[in-house]
$ cat upload-v2.txt   # compact mmCIF, C-alpha atoms
# COMPACT_ATOMS: atom_id res chain seq x y z
CA MET A 332 0.00 0.00 0.00
CA GLU A 333 1.24 3.45 -0.84
CA SER A 334 2.47 5.36 2.20
CA PHE A 335 1.35 8.81 3.28
CA HIS A 336 3.46 11.78 2.34
CA PRO A 337 4.65 13.71 5.42
CA ALA A 338 3.92 17.05 3.77
CA MET A 339 2.27 18.39 0.65
CA ASN A 340 1.57 21.76 -0.93
CA LEU A 341 -2.01 22.94 -0.91
CA PRO A 342 -3.29 25.21 -3.68
CA PHE A 343 -4.82 27.73 -1.25
CA SER A 344 -3.70 29.56 1.85
CA TYR A 345 -4.97 28.66 5.32
CA THR A 346 -6.79 31.90 6.09
CA PHE A 347 -9.76 32.22 8.41
CA SER A 348 -12.42 34.87 8.55
CA THR A 349 -14.75 34.33 11.47
CA THR A 350 -17.41 36.54 12.98
CA LEU A 351 -19.48 35.73 16.02
CA THR A 352 -23.18 35.75 16.74
CA ALA A 353 -24.09 37.62 19.90
CA SER A 354 -27.37 37.56 21.79
CA SER A 355 -28.53 39.92 24.49
CA SER A 356 -31.69 41.24 26.06
CA SER A 357 -31.55 44.25 23.79
CA GLY A 358 -31.47 42.20 20.61
CA THR A 359 -29.46 39.82 18.48
CA THR A 360 -26.65 40.63 16.12
CA ALA A 361 -25.68 37.96 13.60
CA THR A 362 -23.10 37.89 10.87
CA SER A 363 -21.95 35.16 8.55
CA ILE A 364 -19.12 32.79 9.27
CA THR A 365 -16.57 32.21 6.56
CA ASN A 366 -14.19 29.28 6.83
CA THR A 367 -11.73 28.50 4.06
CA TRP A 368 -11.42 24.93 5.39
CA MET A 369 -14.84 24.14 3.91
CA ASP A 370 -13.96 25.51 0.47
CA PRO A 371 -14.97 22.78 -2.04
CA ARG A 372 -11.91 23.65 -4.13
CA ILE A 373 -9.75 22.35 -1.27
CA TRP A 374 -11.80 19.22 -0.60
CA SER A 375 -11.82 18.34 -4.30
CA LYS A 376 -8.01 18.15 -4.14
CA LEU A 377 -8.00 15.69 -1.21
CA PRO A 378 -5.78 12.70 -2.15
CA GLN A 379 -7.72 9.51 -2.78
CA ARG A 380 -5.62 7.52 -0.30
CA LEU A 381 -6.49 10.02 2.43
CA LEU A 382 -10.14 9.99 1.44
CA ASP A 383 -10.14 6.18 1.63
CA ARG A 384 -8.74 6.42 5.13
CA VAL A 385 -11.72 8.54 6.11
CA LEU A 386 -14.20 6.14 4.51
CA VAL A 387 -12.92 3.07 6.37
CA PHE A 388 -13.98 4.70 9.64
CA LEU A 389 -17.62 4.93 8.55
CA PRO A 390 -20.03 2.49 10.23
CA PRO A 391 -21.43 -0.05 7.73
CA PRO A 392 -24.83 1.66 7.18
CA ALA A 393 -23.12 4.97 6.38
CA PHE A 394 -20.55 3.24 4.16
CA PHE A 395 -23.20 1.54 2.04
CA ARG A 396 -25.08 4.81 1.67
CA ALA A 397 -21.83 6.50 0.61
CA ARG A 398 -21.33 3.91 -2.13
CA SER A 399 -24.12 5.58 -4.09
CA VAL A 400 -22.10 8.81 -4.43
CA CYS A 401 -19.96 7.77 -7.41
CA LYS A 402 -18.65 4.77 -9.32
CA ARG A 403 -15.30 4.78 -7.53
CA TRP A 404 -16.88 4.67 -4.09
CA TYR A 405 -19.25 1.95 -5.26
CA ALA A 406 -16.27 -0.15 -6.36
CA LEU A 407 -14.39 0.22 -3.04
CA LEU A 408 -15.95 -2.99 -1.78
CA PHE A 409 -14.05 -4.81 -4.54
CA SER A 410 -10.75 -2.95 -4.15
CA ASP A 411 -7.96 -5.01 -2.59
CA THR A 412 -6.09 -1.85 -1.60
CA PHE A 413 -9.12 -0.37 0.18
CA LEU A 414 -10.00 -3.65 1.92
CA GLU A 415 -6.40 -4.05 3.10
CA LEU A 416 -6.57 -0.58 4.62
CA TYR A 417 -9.97 -1.43 6.11
CA LEU A 418 -8.62 -4.54 7.84
CA GLN A 419 -5.72 -2.55 9.29
CA VAL A 420 -7.38 0.56 10.72
CA SER A 421 -11.17 0.16 10.76
CA PRO A 422 -12.59 0.45 14.31
CA ARG A 423 -14.47 -2.46 15.85
CA HIS A 424 -18.23 -2.11 16.21
CA HIS A 425 -19.62 -4.02 19.19
CA TRP A 426 -23.11 -4.61 17.85
CA PHE A 427 -25.74 -7.33 18.33
CA LEU A 428 -27.53 -9.50 15.79
CA PHE A 429 -30.97 -10.92 16.60
CA PHE A 430 -33.20 -13.50 14.95
CA LYS A 431 -36.69 -14.70 15.63
CA HIS A 432 -36.72 -17.54 18.10
CA LYS A 433 -37.37 -21.02 16.71
CA THR A 434 -38.55 -23.38 19.44
CA LEU A 435 -37.09 -26.88 19.30
CA LYS A 436 -40.38 -28.44 20.33
CA SER A 437 -42.31 -26.90 17.45
CA TYR A 438 -39.64 -27.95 14.96
CA ILE A 439 -39.59 -31.57 16.15
CA TYR A 440 -43.38 -31.75 16.03
CA ARG A 441 -43.57 -30.21 12.57
CA ASN A 442 -40.98 -32.54 11.10
CA ASN A 443 -42.25 -35.74 12.67
CA THR A 444 -45.99 -35.39 12.11
CA SER A 445 -47.28 -38.05 9.72
CA GLY A 446 -50.63 -38.05 7.96
CA GLY A 447 -53.15 -35.27 8.38
CA ASP A 448 -53.26 -32.17 6.30
CA GLN A 449 -50.35 -32.01 3.87
CA GLY A 450 -51.48 -28.86 2.13
CA ASP A 451 -48.66 -26.71 3.51
CA ILE A 452 -45.77 -29.03 2.66
CA ASN A 453 -44.87 -27.22 -0.55
CA VAL A 454 -45.29 -23.74 0.91
CA ARG A 455 -41.89 -22.10 0.86
CA ALA A 456 -40.77 -20.49 4.10
CA PRO A 457 -40.20 -16.72 3.98
CA PRO A 458 -36.55 -15.62 3.66
CA CYS A 459 -34.62 -15.40 6.89
CA GLU A 460 -33.90 -11.91 8.17
CA GLY A 461 -31.92 -10.58 11.08
CA TYR A 462 -32.12 -7.43 13.17
CA ILE A 463 -28.97 -5.52 14.05
CA PHE A 464 -28.88 -3.42 17.20
CA ASP A 465 -26.33 -0.62 17.53
CA PRO A 466 -25.87 0.03 21.29
CA TYR A 467 -23.94 3.26 20.70
CA ASP A 468 -26.76 5.04 18.86
CA ILE A 469 -29.61 2.84 20.22
CA THR A 470 -30.64 2.09 16.63
CA TRP A 471 -32.13 -0.96 14.90
CA TYR A 472 -31.36 -2.12 11.34
CA ARG A 473 -32.90 -4.91 9.29
CA LEU A 474 -30.64 -7.32 7.40
CA SER A 475 -31.71 -9.92 4.85
CA PHE A 476 -30.38 -13.48 4.90
CA ALA A 477 -32.10 -14.48 1.68
CA LEU A 478 -29.24 -16.76 0.60
CA ILE A 479 -29.52 -19.00 3.68
CA PRO A 480 -31.25 -22.24 2.55
CA PRO A 481 -34.45 -23.31 4.30
CA GLY A 482 -33.93 -25.72 7.19
CA PHE A 483 -30.99 -23.82 8.72
CA SER A 484 -30.92 -21.80 11.94
CA PRO A 485 -28.34 -19.25 13.17
CA ALA A 486 -26.31 -20.74 16.03
CA SER A 487 -23.28 -18.52 16.66
CA SER A 488 -21.30 -15.53 15.42
CA SER A 489 -17.67 -14.42 15.42
CA GLY A 490 -15.35 -12.22 13.37
CA GLY A 491 -18.11 -10.88 11.13
CA LEU A 492 -19.34 -14.39 10.24
CA VAL A 493 -22.63 -15.99 11.27
CA CYS A 494 -22.75 -19.77 11.75
CA CYS A 495 -25.96 -21.46 10.56
CA VAL A 496 -26.62 -25.12 11.38
CA SER A 497 -29.04 -27.57 9.76
CA ASP A 498 -32.18 -28.29 11.79
CA GLU A 499 -32.59 -31.85 10.56
CA ALA A 500 -31.48 -34.60 12.93
CA GLY A 501 -28.31 -36.41 11.85
CA PRO A 502 -24.81 -35.25 10.86
CA LYS A 503 -24.94 -31.47 11.03
CA SER A 504 -24.34 -29.29 7.97
CA ILE A 505 -22.80 -25.91 8.79
CA ILE A 506 -22.72 -22.69 6.76
CA LEU A 507 -20.62 -19.62 7.52
CA CYS A 508 -22.24 -16.43 6.23
CA ASN A 509 -21.07 -12.84 6.00
CA PRO A 510 -24.45 -11.04 5.94
CA ILE A 511 -22.90 -7.69 5.02
CA LEU A 512 -21.45 -9.13 1.80
CA GLY A 513 -24.08 -11.83 1.24
CA SER A 514 -21.39 -14.54 0.98
CA LEU A 515 -21.82 -18.20 1.98
CA THR A 516 -19.15 -20.78 2.77
CA GLN A 517 -19.99 -24.40 3.58
CA LEU A 518 -18.12 -26.61 6.04
CA PRO A 519 -18.02 -30.40 5.75
CA PRO A 520 -20.82 -32.13 7.72
CA THR A 521 -20.07 -33.43 11.19
CA LEU A 522 -19.29 -37.11 11.60
CA ARG A 523 -21.69 -37.97 14.43
CA PRO A 524 -25.49 -37.67 14.16
CA ARG A 525 -26.91 -35.09 16.57
CA LEU A 526 -30.23 -33.41 17.29
CA PHE A 527 -29.71 -29.86 18.62
CA PRO A 528 -26.10 -29.60 19.81
CA SER A 529 -24.39 -26.58 21.34
CA ILE A 530 -22.27 -24.68 18.81
CA GLY A 531 -19.09 -22.70 19.46
CA LEU A 532 -17.43 -20.53 16.80
CA THR A 533 -14.32 -18.38 16.96
CA VAL A 534 -12.85 -16.62 13.92
CA SER A 535 -9.50 -14.82 13.94
CA PRO A 536 -7.76 -13.12 10.99
CA THR A 537 -5.87 -16.37 10.30
CA SER A 538 -7.97 -19.26 11.67
CA ILE A 539 -11.44 -20.74 12.14
CA ASP A 540 -12.45 -23.05 15.00
CA VAL A 541 -15.86 -24.69 15.43
CA THR A 542 -16.92 -26.96 18.30
CA VAL A 543 -20.14 -29.02 18.17
CA ALA A 544 -21.02 -30.62 21.50
CA GLY A 545 -23.74 -32.80 22.96
CA ASP A 546 -27.12 -34.16 21.87
CA ASP A 547 -25.53 -37.33 20.44
CA MET A 548 -28.21 -39.50 18.85
CA ILE A 549 -27.73 -42.91 20.44
CA SER A 550 -30.90 -44.12 18.68
CA PRO A 551 -33.56 -42.58 16.41
CA PHE A 552 -35.58 -41.80 19.55
CA ALA A 553 -32.96 -40.88 22.18
CA VAL A 554 -30.14 -38.41 22.64
CA LYS A 555 -27.40 -38.11 25.24
CA ASN A 556 -24.59 -35.64 25.90
CA LEU A 557 -21.52 -37.79 25.23
CA THR A 558 -19.03 -36.22 22.82
CA ALA A 559 -17.82 -33.07 21.08
CA GLU A 560 -16.32 -32.63 17.61
CA ASN A 561 -13.88 -29.91 16.55
CA PHE A 562 -13.16 -28.29 13.20
CA HIS A 563 -9.99 -26.24 12.71
CA ILE A 564 -8.23 -24.55 9.82
CA ASP A 565 -5.51 -21.89 9.87
CA GLY A 566 -3.22 -19.92 7.60
CA GLY A 567 -0.27 -22.14 8.48
CA GLY A 568 -1.73 -24.93 6.37
CA PHE A 569 -2.99 -27.07 9.26
CA TYR A 570 -6.58 -28.23 9.27
CA SER A 571 -8.64 -30.87 11.05
CA ILE A 572 -12.02 -31.75 9.55
CA TRP A 573 -13.91 -32.95 12.60
CA GLY A 574 -10.95 -35.24 13.24
CA THR A 575 -10.48 -34.14 16.86
CA ASN A 576 -13.06 -35.65 19.20
CA SER A 577 -13.42 -35.39 22.96
CA SER A 578 -15.65 -36.83 25.66
CA LEU A 579 -17.88 -34.56 27.69
CA PRO A 580 -17.76 -34.73 31.50
CA ARG A 581 -19.97 -37.43 33.01
CA LEU A 582 -23.59 -36.61 33.80
CA CYS A 583 -23.41 -33.21 32.10
CA SER A 584 -26.65 -31.56 31.05
CA LEU A 585 -26.08 -29.01 28.31
CA GLU A 586 -28.97 -26.84 27.23
CA SER A 587 -29.00 -26.75 23.44
CA GLY A 588 -27.52 -23.40 22.51
CA ARG A 589 -24.39 -21.38 21.91
CA MET A 590 -21.01 -21.31 23.58
CA VAL A 591 -18.88 -18.34 24.64
CA TYR A 592 -15.22 -18.11 23.59
CA VAL A 593 -12.75 -16.46 25.97
CA GLY A 594 -8.97 -16.86 26.13
CA GLY A 595 -8.62 -20.06 24.10
CA LYS A 596 -11.58 -21.84 25.71
CA PHE A 597 -15.23 -22.39 24.91
CA TYR A 598 -17.62 -22.09 27.85
CA CYS A 599 -21.24 -23.23 28.17
CA MET A 600 -23.75 -23.64 30.99
CA ASN A 601 -24.37 -27.00 32.62
CA PHE A 602 -27.64 -27.62 34.47
CA SER A 603 -28.93 -29.66 37.45
CA PRO A 604 -27.16 -28.30 39.42
CA PHE A 605 -25.71 -25.24 37.74
CA SER A 606 -22.05 -25.30 36.73
CA VAL A 607 -19.91 -24.13 33.82
CA LEU A 608 -18.28 -26.46 31.29
CA ALA A 609 -14.98 -25.30 29.79
CA HIS A 610 -13.31 -26.73 26.70
CA ASP A 611 -9.62 -25.98 26.16
CA VAL A 612 -9.40 -25.92 22.36
CA ALA A 613 -5.62 -26.45 22.12
CA ALA A 614 -5.47 -29.24 24.70
CA ASN A 615 -8.86 -30.70 23.68
CA ILE A 616 -9.84 -31.15 27.33
CA TRP A 617 -13.17 -30.51 29.05
CA CYS A 618 -13.50 -29.52 32.70
CA LYS A 619 -16.29 -28.43 35.02
CA ILE A 620 -16.23 -25.15 36.99
CA GLN A 621 -18.52 -24.64 39.96
CA ALA A 622 -20.89 -21.70 39.56
CA PRO A 623 -21.24 -19.09 42.32
CA MET A 624 -24.34 -19.43 44.51
CA ARG A 625 -25.39 -22.27 42.24
CA ARG A 626 -28.36 -23.36 44.37
CA PHE A 627 -29.96 -19.91 44.22
CA LEU A 628 -29.43 -18.96 40.56
CA ARG A 629 -32.20 -18.42 38.04
CA SER A 630 -31.73 -18.06 34.27
CA PRO A 631 -27.91 -18.06 34.40
CA ASN A 632 -26.18 -16.84 31.22
CA LEU A 633 -22.55 -16.69 30.14
CA VAL A 634 -21.32 -13.65 28.22
CA GLU A 635 -17.94 -12.35 27.05
CA SER A 636 -16.90 -8.79 27.82
CA LYS A 637 -13.52 -7.32 26.86
CA GLY A 638 -11.75 -10.67 27.09
CA LYS A 639 -13.40 -11.74 30.36
CA LEU A 640 -16.05 -14.37 31.06
CA LEU A 641 -19.07 -13.07 32.96
CA LEU A 642 -21.91 -15.05 34.52
CA VAL A 643 -25.20 -13.13 34.63
CA ALA A 644 -28.11 -14.43 36.70
CA ALA A 645 -30.94 -13.62 39.08
CA VAL A 646 -30.42 -14.68 42.69
CA GLU A 647 -33.34 -15.89 44.77
CA LYS A 648 -32.62 -16.97 48.33
CA SER A 649 -36.16 -17.96 49.18
CA LYS A 650 -35.32 -19.43 52.59
CA LEU A 651 -33.10 -16.58 53.73
CA ASN A 652 -33.83 -12.98 54.60
CA VAL A 653 -31.92 -11.66 51.56
CA PRO A 654 -33.55 -9.50 48.87
CA LYS A 655 -33.82 -11.00 45.41
CA SER A 656 -31.30 -9.49 43.04
CA PHE A 657 -29.68 -9.52 39.60
CA ARG A 658 -25.90 -10.01 39.68
CA LEU A 659 -22.81 -10.31 37.48
CA TRP A 660 -19.73 -12.35 38.34
CA SER A 661 -16.36 -12.41 36.58
CA LEU A 662 -14.23 -15.55 36.28
CA GLN A 663 -10.75 -14.83 37.59
CA SER A 664 -7.48 -15.71 35.84
CA CYS A 665 -7.06 -18.85 37.97
CA GLY A 666 -10.05 -20.31 36.11
CA THR A 667 -11.99 -21.52 39.17
CA THR A 668 -12.88 -18.44 41.25
CA TRP A 669 -15.76 -16.04 40.63
CA VAL A 670 -15.92 -12.45 41.89
CA GLU A 671 -19.10 -10.38 41.92
CA VAL A 672 -18.50 -7.27 39.82
CA GLU A 673 -21.92 -5.65 39.49
CA ARG A 674 -25.48 -5.76 40.80
CA MET A 675 -28.60 -4.27 39.25
CA PRO A 676 -30.00 -1.36 41.31
CA GLN A 677 -32.73 -2.74 43.55
CA GLN A 678 -35.39 -0.31 42.36
CA LEU A 679 -34.72 -1.28 38.75
CA TYR A 680 -34.71 -4.96 39.66
CA VAL A 681 -38.18 -4.67 41.19
CA GLN A 682 -39.43 -3.22 37.90
CA PHE A 683 -37.52 -5.84 35.92
CA ALA A 684 -38.86 -8.73 38.01
CA GLU A 685 -42.44 -7.51 37.62
CA LEU A 686 -42.10 -7.45 33.81
CA GLU A 687 -40.22 -10.73 33.70
CA GLY A 688 -42.85 -12.53 35.83
CA GLY A 689 -40.74 -15.65 36.33
CA ASN A 690 -40.56 -16.41 32.59
CA GLY A 691 -36.77 -16.10 32.54
CA PHE A 692 -34.42 -14.02 30.45
CA ASP A 693 -31.52 -14.39 28.02
CA CYS A 694 -28.30 -12.37 27.90
CA VAL A 695 -25.70 -11.63 25.25
CA GLY A 696 -22.57 -9.52 25.67
CA ASN A 697 -20.24 -7.72 23.30
CA GLY A 698 -17.46 -5.32 24.23
CA GLU A 699 -18.64 -3.09 27.05
CA PHE A 700 -22.34 -3.89 26.54
CA ILE A 701 -24.72 -6.58 27.79
CA VAL A 702 -28.28 -6.98 26.49
CA ILE A 703 -30.82 -8.70 28.80
CA MET A 704 -33.93 -9.89 26.95
CA ILE A 705 -37.09 -10.87 28.85
CA ARG A 706 -38.63 -14.03 27.42
CA GLY A 707 -42.13 -13.70 26.03
CA SER A 708 -41.87 -9.91 25.92
CA ASP A 709 -40.53 -7.08 23.77
CA LYS A 710 -38.72 -5.65 26.80
CA ALA A 711 -34.92 -5.64 26.99
CA LEU A 712 -32.29 -3.89 29.08
CA LEU A 713 -28.90 -2.58 27.95
CA PHE A 714 -26.10 -2.41 30.50
CA ASP A 715 -22.96 -0.39 29.80
CA ILE A 716 -20.31 -2.02 31.98
CA PHE A 717 -17.78 0.79 31.77
CA ARG A 718 -20.18 3.67 32.45
CA LYS A 719 -22.38 1.64 34.87
CA ILE A 720 -25.54 2.72 33.04
CA TRP A 721 -28.71 0.62 32.77
CA GLN A 722 -31.36 1.60 30.21
CA TRP A 723 -34.38 0.08 28.52
CA ILE A 724 -34.07 -0.66 24.79
CA PRO A 725 -36.88 0.39 22.41
CA PRO A 726 -38.55 -2.65 20.79
CA CYS A 727 -37.31 -3.68 17.37
CA PRO A 728 -39.59 -1.94 14.84
CA TYR A 729 -38.94 -4.54 12.12
CA SER A 730 -39.93 -7.76 13.91
CA GLN A 731 -43.49 -9.05 13.67
CA ASP A 732 -46.04 -7.29 15.89
CA GLY A 733 -43.47 -4.56 16.52
CA GLY A 734 -41.55 -6.45 19.16
CA VAL A 735 -40.12 -9.64 20.51
CA GLY A 736 -43.24 -11.14 21.99
CA GLY A 737 -46.46 -10.37 20.23
CA SER A 738 -49.46 -12.61 19.82
CA ASN A 739 -47.44 -15.66 18.86
CA GLY A 740 -45.71 -15.91 22.23
CA ARG A 741 -42.21 -17.28 22.29
CA ASP A 742 -42.25 -18.26 18.62
CA SER A 743 -41.89 -14.54 17.90
CA GLU A 744 -39.09 -13.86 20.38
CA LEU A 745 -35.67 -12.65 19.36
CA HIS A 746 -32.50 -14.44 20.34
CA GLY A 747 -29.16 -12.86 19.62
CA PHE A 748 -25.41 -13.02 19.32
CA ALA A 749 -22.50 -10.66 19.64
CA TYR A 750 -21.81 -9.33 16.15
CA GLU A 751 -19.03 -7.25 14.61
CA PRO A 752 -19.88 -6.26 11.02
CA ARG A 753 -16.98 -6.75 8.61
CA LEU A 754 -16.69 -5.60 5.01
CA ALA A 755 -14.04 -8.28 4.46
CA THR A 756 -13.44 -11.72 5.97
CA PRO A 757 -10.44 -13.06 4.02
CA VAL A 758 -10.04 -15.97 6.43
CA THR A 759 -12.89 -17.77 4.61
CA GLY A 760 -10.50 -18.12 1.67
CA LEU A 761 -8.77 -20.85 3.68
CA LEU A 762 -11.84 -23.03 3.18
CA ASP A 763 -11.40 -22.90 -0.61
CA GLN A 764 -8.59 -25.45 -0.34
CA LEU A 765 -11.14 -27.97 0.88
CA THR A 766 -12.85 -27.72 -2.56
CA LEU A 767 -16.27 -28.65 -1.24
CA PRO A 768 -19.21 -28.43 -3.63
CA PHE A 769 -22.14 -26.56 -2.11
CA GLN A 770 -24.89 -29.06 -1.38
CA PRO A 771 -28.54 -28.19 -2.00
CA PHE A 772 -30.91 -28.49 0.94
CA ASN A 773 -34.64 -28.93 1.05
CA GLY A 774 -36.53 -27.21 3.83
$ encode --input "upload-v2.txt" --output "structure tokens"
Amino acid sequence: MESFHPAMNLPFSYTFSTTLTASSSSGTTATSITNTWMDPRIWSKLPQRLLDRVLVFLPPPAFFRARSVCKRWYALLFSDTFLELYLQVSPRHHWFLFFKHKTLKSYIYRNNTSGGDQGDINVRAPPCEGYIFDPYDITWYRLSFALIPPGFSPASSSGGLVCCVSDEAGPKSIILCNPILGSLTQLPPTLRPRLFPSIGLTVSPTSIDVTVAGDDMISPFAVKNLTAENFHIDGGGFYSIWGTNSSLPRLCSLESGRMVYVGGKFYCMNFSPFSVLAHDVAANIWCKIQAPMRRFLRSPNLVESKGKLLLVAAVEKSKLNVPKSFRLWSLQSCGTTWVEVERMPQQLYVQFAELEGGNGFDCVGNGEFIVIMIRGSDKALLFDIFRKIWQWIPPCPYSQDGGVGGSNGRDSELHGFAYEPRLATPVTGLLDQLTLPFQPFNG
């Protein structure tokens, strides 16, 4: 890439002519403000490489609007020089990506019902769409996932890529999608048949790791949490196509869902009683970490925040004279000790508990933000960890019935992931060496 020149000659002098506007009780005197800096003759001489450096700092919605200005700006998305600059200096956007909730029970019933009315079999499902939430501006955006085949559900997100997994029972097919670019990349199917396993995804500039754990199908009518499979590929030429397997801890009870990646490990919740399962990706070892106050937790969630693992949960000590509360704990560097780092203000918790009504809640974290979504409702809280600010989020205007809940109950809920929009994800080029033909799927 061409370097910046330390100095250059401008065609006009740097002169300023500024007058002020004064207001008083006797009246107002106003004069114009002249600023040579805004002279279009100067801005038209701005070097393209400097202009590109300005454009890479635009958030994605503003960048795509700017592409309509001229042909050159439209073609920036296909410019290797611009994308290289983008990957080097573009700021990270700690956003959230939400999808409508798909209940496992309804899917199993729909796909195992025999006989009866078959009139809707050939009705094509509407295209998948996601809803992006920008916590900095408290703004919602709608994003189409029209290229995702029917029969796939979003399961995880990392490095600008969204991982979609096949709903059908059996070996799982996995697709990595960059929704900003509309690109799809298919991974080889897993080796073991599973129903609804937990999915972990981590994407770095030079590697991709995927872990699929639990819900092993030991028969057509029974599942058990027994094993995990790992996929890895990196820029050094090493790859493992589900060739690394591991056994889960005995008597573990994973809830089908996502994992959280922190410091080389995937973490997921274990139930009855509550604990945390940790998978060391490099060592391929699973271990169990005791959760804090595990007998009094309700709706525990694991989130990542600035490289730390946080456990978020409500605490209900029904037999003790302790007020109910909403707390956050941080896992310390030793890997076994939890320290309480934050507690929801009691007045806010009373309001939160009244709206939540015992239905539970889900949490997702990204950067300095945590979103707490009340199940069966369009209500959600945003917590800024650094500024210690709690605020209610306006309902998503693009989801059905104007919110998460609506008349369809939980089938209309939103569930989300941490999401960092990326205009370029060159790491997916590593998958081209696998030369996999894209397989068609029937929903």
$ closest_residue --input "upload-v2.txt" --among "A:Asn632, A:Gln517, A:Thr668, A:Ser375" --to "Ala644 (chain A)" --atoms "only C-alpha atoms"
A:Asn632
$ atom_distance --input "upload-v2.txt" --atom1 "CA of Asp546 (chain A)" --atom2 "CA of Leu579 (chain A)"
10.9 Å
$ closest_residue --input "upload-v2.txt" --among "A:Glu699, A:Asp763, A:Asp411, A:Asp565" --to "Phe714 (chain A)" --atoms "only C-alpha atoms"
A:Glu699
$ residues_near_point --input "upload-v2.txt" --point "(-21.3, -21.5, 40.0)" --cutoff "7 Å" --atoms "all atoms listed in the file" --output "list in words"
Phe605, Ser606, Val607, Ile620, Gln621, Ala622, Pro623, Met624 and Arg625 of chain A
$ write_last_selection --input "upload-v2.txt" --atoms "C-alpha atoms" --output "mmCIF file, in the frame of the given file"
data_model
loop_
_atom_site.group_PDB
_atom_site.id
_atom_site.type_symbol
_atom_site.label_atom_id
_atom_site.label_comp_id
_atom_site.auth_asym_id
_atom_site.auth_seq_id
_atom_site.Cartn_x
_atom_site.Cartn_y
_atom_site.Cartn_z
ATOM 1 C CA PHE A 605 -25.710 -25.240 37.740
ATOM 2 C CA SER A 606 -22.050 -25.300 36.730
ATOM 3 C CA VAL A 607 -19.910 -24.130 33.820
ATOM 4 C CA ILE A 620 -16.230 -25.150 36.990
ATOM 5 C CA GLN A 621 -18.520 -24.640 39.960
ATOM 6 C CA ALA A 622 -20.890 -21.700 39.560
ATOM 7 C CA PRO A 623 -21.240 -19.090 42.320
ATOM 8 C CA MET A 624 -24.340 -19.430 44.510
ATOM 9 C CA ARG A 625 -25.390 -22.270 42.240
#
$ residues_around --input "upload-v2.txt" --residues "Pro757 (chain A)" --least-positions-apart "4" --cutoff "9 Å" --atoms "only C-alpha atoms" --output "MDAnalysis selection string"
chainID A and resid 536:537 761
$ closest_residue --input "upload-v2.txt" --among "A:Val695, A:Cys665, A:Gly567, A:Asp540" --to "Ala613 (chain A)" --atoms "all atoms listed in the file"
A:Asp540
$ residues_around --input "upload-v2.txt" --residues "Leu389 (chain A)" --least-positions-apart "5" --cutoff "10 Å" --atoms "all atoms listed in the file" --output "ChimeraX atom specification"
/A:384,394-395,397,421-422
$ closest_residue --input "upload-v2.txt" --among "A:Gln678, A:Asn556, A:Ser504, A:Asn690" --to "Ser577 (chain A)" --atoms "all atoms listed in the file"
A:Asn556
$ closest_residue --input "upload-v2.txt" --among "A:Arg372, A:Arg423, A:Lys402, A:Arg718" --to "Leu754 (chain A)" --atoms "all atoms listed in the file"
A:Arg423
$ closest_residue --input "upload-v2.txt" --among "A:Trp471, A:Tyr729, A:Phe552, A:Phe409" --to "Ala755 (chain A)" --atoms "only C-alpha atoms"
A:Phe409
$ residues_around --input "upload-v2.txt" --residues "Leu628 (chain A)" --least-positions-apart "4" --cutoff "12 Å" --atoms "all atoms listed in the file" --output "list in words"
Phe602, Ser603, Pro604, Phe605, Ser606, Ala622, Pro623, Met624, Asn632, Leu642, Val643, Ala644, Ala645, Val646, Glu647, Lys648, Ser649, Lys655, Ser656, Phe657, Arg658, Leu659, Trp660 and Gly691 of chain A
$ atom_distance --input "upload-v2.txt" --atom1 "CA of Pro580 (chain A)" --atom2 "CA of Leu557 (chain A)"
7.9 Å
$ residues_around --input "upload-v2.txt" --residues "Gly501 (chain A)" --least-positions-apart "3" --cutoff "8 Å" --atoms "only C-alpha atoms" --output "PDB file with C-alpha atoms, in the frame of the given file"
ATOM      1  CA  ARG A 523     -21.690 -37.970  14.430  1.00  0.00           C
ATOM      2  CA  PRO A 524     -25.490 -37.670  14.160  1.00  0.00           C
ATOM      3  CA  ARG A 525     -26.910 -35.090  16.570  1.00  0.00           C
ATOM      4  CA  LEU A 526     -30.230 -33.410  17.290  1.00  0.00           C
ATOM      5  CA  MET A 548     -28.210 -39.500  18.850  1.00  0.00           C
TER       6      MET A 548
END
$ atom_distance --input "upload-v2.txt" --atom1 "CA of Thr558 (chain A)" --atom2 "CA of Ser578 (chain A)"
4.5 Å
